[in-house]
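Since the structure comes first, as structure tokens, the remarks are kept for the end.
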Amino acid sequence: VFSAVEEQTLTGTMPVDARTRQPFGLLHGGASAVLAETLGSMAGYLCTEGEQQVVGLEINANHLRATREGEVRGVCRAVHVGRRHQVWQIEIFDDKNRLCCTSRLTTAVI
């Protein structure tokens with residue numbers, strides 16, 4: 001769920017439940033990457049004009065803290081917004097506002 005669109009950030013939340021947990025009960029790293037790419041791609045789209053589209057080129061994620069329940073919140077900020085490429089930093093926090101994952105997404109504008 002997109003929860004805030006501000007001048008410098010785009011924020012969204014995702015539940016930690018049976019749909020987003022891995023077999024050992026922790027938030028799946030792939031689900032964190034999906035949240036990060038969703039936020040970065042949408043932020044990139046919001047910076048485009050006309051018929052331009054944004055596609056992901058590269059994403060990385062460092063999983064720093066396990067989360068088992070509740071909700072996570074992703075906050076996306078621009079590192080670079082150019083005519084052809086964009087770089088986004090996405091930080092994902094748990095319900096206690098602890099950093100769980102930090103991710104960087106590079107996109108191409110086509």
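Here, A, B, ... name the chains of the structure tokens in the order displayed, residue numbers run from 1 inside each chain, and ligands are numbered from 1 in the same displayed order.
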
Quick one: residues within 12 Å of range 91-94 of chain A, only C-alpha atoms, excluding same-chain residues fewer than 5 positions away - as an MDAnalysis selection string? chainID A and resid 9:16 27 29 31:37 39:40 60:78 99:105

Got a sec: who's within 7 Å of Gln86 in chain A, counting only C-alpha atoms, leaving out chain neighbours fewer than 3 positions off, as a ChimeraX atom specification? /A:80-82,106-108

Please return, as a count of residues only, all residues of range 10-83 of chain A that DSSP assigns to strand (DSSP E or B) on the basis of the backbone. 31

DSSP helix (DSSP H, G or I) residues within range 6-56 of chain A, as a ChimeraX atom specification: /A:29-46

Could you name the residues that touch Arg84 in chain A at 12 Å or less, counting only C-alpha atoms, but leaving out those on the same chain fewer than 5 positions away, as a VMD selection string? chain A and resid 44 47 to 48 52 to 57 106 to 110

Would you save the residues of that selection, restricted to N, CA, C and O atoms, as an mmCIF file, in the first residue's frame?
```cif
data_model
loop_
_atom_site.group_PDB
_atom_site.id
_atom_site.type_symbol
_atom_site.label_atom_id
_atom_site.label_comp_id
_atom_site.auth_asym_id
_atom_site.auth_seq_id
_atom_site.Cartn_x
_atom_site.Cartn_y
_atom_site.Cartn_z
ATOM 1 N N GLY A 44 10.205 6.412 -9.766
ATOM 2 C CA GLY A 44 10.774 6.731 -11.072
ATOM 3 C C GLY A 44 9.714 7.155 -12.063
ATOM 4 O O GLY A 44 9.887 8.129 -12.801
ATOM 5 N N CYS A 47 8.574 10.642 -11.852
ATOM 6 C CA CYS A 47 9.545 11.627 -12.335
ATOM 7 C C CYS A 47 9.614 11.685 -13.860
ATOM 8 O O CYS A 47 10.429 12.433 -14.400
ATOM 9 N N THR A 48 8.793 10.910 -14.541
ATOM 10 C CA THR A 48 8.842 10.876 -15.997
ATOM 11 C C THR A 48 7.797 11.802 -16.601
ATOM 12 O O THR A 48 6.937 12.345 -15.899
ATOM 13 N N GLN A 52 7.032 8.144 -21.426
ATOM 14 C CA GLN A 52 8.213 7.479 -20.888
ATOM 15 C C GLN A 52 7.812 6.357 -19.935
ATOM 16 O O GLN A 52 6.796 6.444 -19.257
ATOM 17 N N GLN A 53 8.642 5.331 -19.896
ATOM 18 C CA GLN A 53 8.449 4.219 -18.988
ATOM 19 C C GLN A 53 9.733 3.994 -18.206
ATOM 20 O O GLN A 53 10.823 4.351 -18.651
ATOM 21 N N VAL A 54 9.591 3.398 -17.034
ATOM 22 C CA VAL A 54 10.736 3.101 -16.175
ATOM 23 C C VAL A 54 10.830 1.585 -16.032
ATOM 24 O O VAL A 54 9.834 0.923 -15.733
ATOM 25 N N VAL A 55 12.036 1.043 -16.262
ATOM 26 C CA VAL A 55 12.266 -0.390 -16.085
ATOM 27 C C VAL A 55 13.488 -0.590 -15.196
ATOM 28 O O VAL A 55 14.436 0.187 -15.232
ATOM 29 N N GLY A 56 13.444 -1.635 -14.388
ATOM 30 C CA GLY A 56 14.558 -1.939 -13.498
ATOM 31 C C GLY A 56 15.752 -2.496 -14.255
ATOM 32 O O GLY A 56 15.592 -3.328 -15.145
ATOM 33 N N LEU A 57 16.947 -2.034 -13.889
ATOM 34 C CA LEU A 57 18.196 -2.556 -14.458
ATOM 35 C C LEU A 57 18.941 -3.422 -13.454
ATOM 36 O O LEU A 57 19.519 -4.437 -13.810
ATOM 37 N N THR A 106 18.493 0.573 -9.553
ATOM 38 C CA THR A 106 18.856 1.376 -10.722
ATOM 39 C C THR A 106 17.807 1.117 -11.803
ATOM 40 O O THR A 106 17.488 -0.054 -12.093
ATOM 41 N N THR A 107 17.280 2.173 -12.370
ATOM 42 C CA THR A 107 16.274 2.051 -13.414
ATOM 43 C C THR A 107 16.738 2.759 -14.678
ATOM 44 O O THR A 107 17.575 3.662 -14.640
ATOM 45 N N ALA A 108 16.140 2.349 -15.789
ATOM 46 C CA ALA A 108 16.346 3.027 -17.067
ATOM 47 C C ALA A 108 15.027 3.694 -17.445
ATOM 48 O O ALA A 108 13.950 3.149 -17.212
ATOM 49 N N VAL A 109 15.134 4.863 -18.034
ATOM 50 C CA VAL A 109 13.963 5.566 -18.537
ATOM 51 C C VAL A 109 13.943 5.339 -20.044
ATOM 52 O O VAL A 109 14.900 5.658 -20.745
ATOM 53 N N ILE A 110 12.861 4.731 -20.540
ATOM 54 C CA ILE A 110 12.751 4.452 -21.978
ATOM 55 C C ILE A 110 11.537 5.148 -22.558
ATOM 56 O O ILE A 110 10.617 5.514 -21.849
#
```

Could you work out how far CA of Glu58 in chain A lies from CA of Ile90 in chain A, giving the answer in Å with one decimal? 13.2 Å

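The interatomic distance for the pair CA of Glu49 in chain A and CA of Gln89 in chain A works out to 21.5 Å.
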
I need the residue nearest Gln8 in chain A from this list: A:Ser41, A:Leu46, A:Arg98, A:Arg83. Use only C-alpha atoms for the distance. A:Leu46

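Taking CA of His85 in chain A and CA of Val5 in chain A as endpoints, the distance between them is 21.1 Å.
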